[in-house]
Amino acid sequence: MTGIHKRHWPGDKGRPALALHCMMGSAGYWGPISRRLDGRVDLTGFDMPSHGRSGSWVAGSEGPDFHTAVTRIAASFIDRPLDLIGHSLGATVALRIAVAAPEAIRSLTLIEPVLFAAASDAEQEHRDRVISGFLAEGRIEDAARAFIDVWGAQAFDDLPLPARRMMAEQIPLVAEADDTLTNDRANILRDGGLEAIDAPVLIIAGQQSPKVIHGIADALAERLADVGRATVPGAGHMLPLTHPDETAGLIAVSLDRA
């Protein structure tokens, strides 16, 4: 893994915030969100390894897994309590940090957290088997198509060829993160962990997202001390990209609660 590309949207220096993007995304999509927040936070983001302008991820038997590596990178940006915002995979990283260091969190906004270990779901288990099967057979593009057609902003075959090629290169990272997301390898759901988060938490879901997302939100909300819930009408999993007005408005509510 080489350099990590950092992004910064200036705002209130007394209100630092960190935003974490989804699998196969980049920190760039927080730009429109930041503009709508109109400087109320000093927002930082970064492109995860093998995403955006960051260097490639190379898995190693002695190094950390992908989720752990991203968590360590995110934690390196935190030197005082801040507002932590995460989407999809980024939301699970944000939650992992909040469980490990609740004192570092001023507010926590979780957009479509994909911590599948929190809520068993037969449809999601089937999706995992399909993607794993394609990867085992070397059918990389089919695996990417199966993933994006559920979790993307538009169908895989409607994307430009460069985007399809990039996602085919990234799809092994989905399998790399599976043990953390599906089996809770990082022990995010440990007894007392979620309950120790005393900062206000907002969980946001898209109305049209797979039902496992709503099950996860239910399971997490049941254990959090100070939690709000919001559903964006007509939105799917990629709501920060497709519904930036609504997403920014809800993040603002979360900031106000802190």
# chains A, B, ... in the order shown; residues from 1 in each chain; ligands from 1
>>> residues_around(residues="Ala75 in chain A", least_positions_apart="4", cutoff="12 Å", atoms="only C-alpha atoms", output="PDB file with C-alpha atoms, in the first residue's frame")
ATOM      1  CA  LEU A  18     -14.091  13.172   9.573  1.00  0.00           C
ATOM      2  CA  ALA A  19     -16.107  11.493   6.823  1.00  0.00           C
ATOM      3  CA  LEU A  20     -15.502   7.901   5.665  1.00  0.00           C
ATOM      4  CA  GLY A  45     -11.814  12.747   4.332  1.00  0.00           C
ATOM      5  CA  PHE A  46      -9.440  10.346   2.645  1.00  0.00           C
ATOM      6  CA  THR A  68      -8.294  -2.915  10.231  1.00  0.00           C
ATOM      7  CA  ALA A  69      -5.958  -0.971   7.931  1.00  0.00           C
ATOM      8  CA  VAL A  70      -8.700   1.528   7.061  1.00  0.00           C
ATOM      9  CA  THR A  71      -9.620   1.857  10.743  1.00  0.00           C
ATOM     10  CA  ASP A  79      -6.417  14.136  17.791  1.00  0.00           C
ATOM     11  CA  ARG A  80      -9.411  15.589  19.666  1.00  0.00           C
ATOM     12  CA  PRO A  81     -13.142  14.813  19.924  1.00  0.00           C
ATOM     13  CA  LEU A  82     -14.827  15.220  16.555  1.00  0.00           C
ATOM     14  CA  LEU A  84     -17.528  11.220  12.823  1.00  0.00           C
ATOM     15  CA  VAL A  93     -15.194   1.752  10.462  1.00  0.00           C
ATOM     16  CA  ALA A  94     -16.711   4.750  12.239  1.00  0.00           C
ATOM     17  CA  LEU A  95     -18.631   2.461  14.562  1.00  0.00           C
ATOM     18  CA  ARG A  96     -15.509   0.417  15.268  1.00  0.00           C
ATOM     19  CA  ILE A  97     -13.638   3.572  16.278  1.00  0.00           C
ATOM     20  CA  ALA A  98     -16.536   4.780  18.444  1.00  0.00           C
ATOM     21  CA  ALA A 100     -12.927   1.457  20.874  1.00  0.00           C
ATOM     22  CA  ALA A 101     -12.624   5.127  21.867  1.00  0.00           C
ATOM     23  CA  ALA A 104     -13.030  10.654  20.846  1.00  0.00           C
ATOM     24  CA  ILE A 105     -16.511  11.074  19.386  1.00  0.00           C
TER      25      ILE A 105
END
>>> residues_around(residues="Met166 in chain A", least_positions_apart="5", cutoff="10 Å", atoms="only C-alpha atoms", output="CSV table (one decimal) with N, CA and C atoms, in the first residue's frame")
chain,number,residue,atom,x,y,z
A,24,MET,N,-15.8,0.9,-3.0
A,24,MET,CA,-15.8,1.3,-4.4
A,24,MET,C,-16.2,2.7,-4.6
A,50,SER,N,-6.6,1.6,-2.5
A,50,SER,CA,-7.2,1.0,-3.8
A,50,SER,C,-8.5,1.7,-4.2
A,51,HIS,N,-8.7,2.9,-3.7
A,51,HIS,CA,-9.8,3.8,-4.0
A,51,HIS,C,-9.4,5.2,-4.4
A,52,GLY,N,-10.1,5.8,-5.3
A,52,GLY,CA,-9.8,7.2,-5.6
A,52,GLY,C,-8.4,7.4,-6.0
A,144,ALA,N,-18.4,-8.3,-9.7
A,144,ALA,CA,-18.6,-6.9,-9.5
A,144,ALA,C,-20.0,-6.5,-9.9
A,161,LEU,N,-17.1,2.2,-19.3
A,161,LEU,CA,-16.2,1.0,-19.2
A,161,LEU,C,-15.0,1.3,-18.2
A,171,ILE,N,-13.3,-5.5,-6.6
A,171,ILE,CA,-14.2,-6.5,-6.0
A,171,ILE,C,-13.6,-7.5,-5.0
>>> atom_distance(atom1="CA of Cys22 in chain A", atom2="CA of Asp178 in chain A")
14.0 Å
>>> atom_distance(atom1="CA of Leu37 in chain A", atom2="CA of Leu250 in chain A")
10.1 Å
>>> closest_atom_pairs(of="range 117-179 of chain A", to="range 203-216 of chain A", cutoff="10 Å", atoms="only C-alpha atoms", output="Markdown table")
| residue | atom | partner | partner_atom | distance |
| --- | --- | --- | --- | --- |
| A:Ala117 | CA | A:Ile216 | CA | 8.3 |
| A:Ala118 | CA | A:Ile216 | CA | 5.5 |
| A:Ala119 | CA | A:Ile216 | CA | 5.2 |
| A:Ser120 | CA | A:Val212 | CA | 7.7 |
| A:Asp121 | CA | A:Val212 | CA | 6.0 |
| A:Ala122 | CA | A:Val212 | CA | 9.0 |
| A:Glu123 | CA | A:Val212 | CA | 8.0 |
| A:Gln124 | CA | A:Val212 | CA | 6.9 |
| A:Val150 | CA | A:Pro210 | CA | 7.8 |
| A:Trp151 | CA | A:Ser209 | CA | 8.2 |
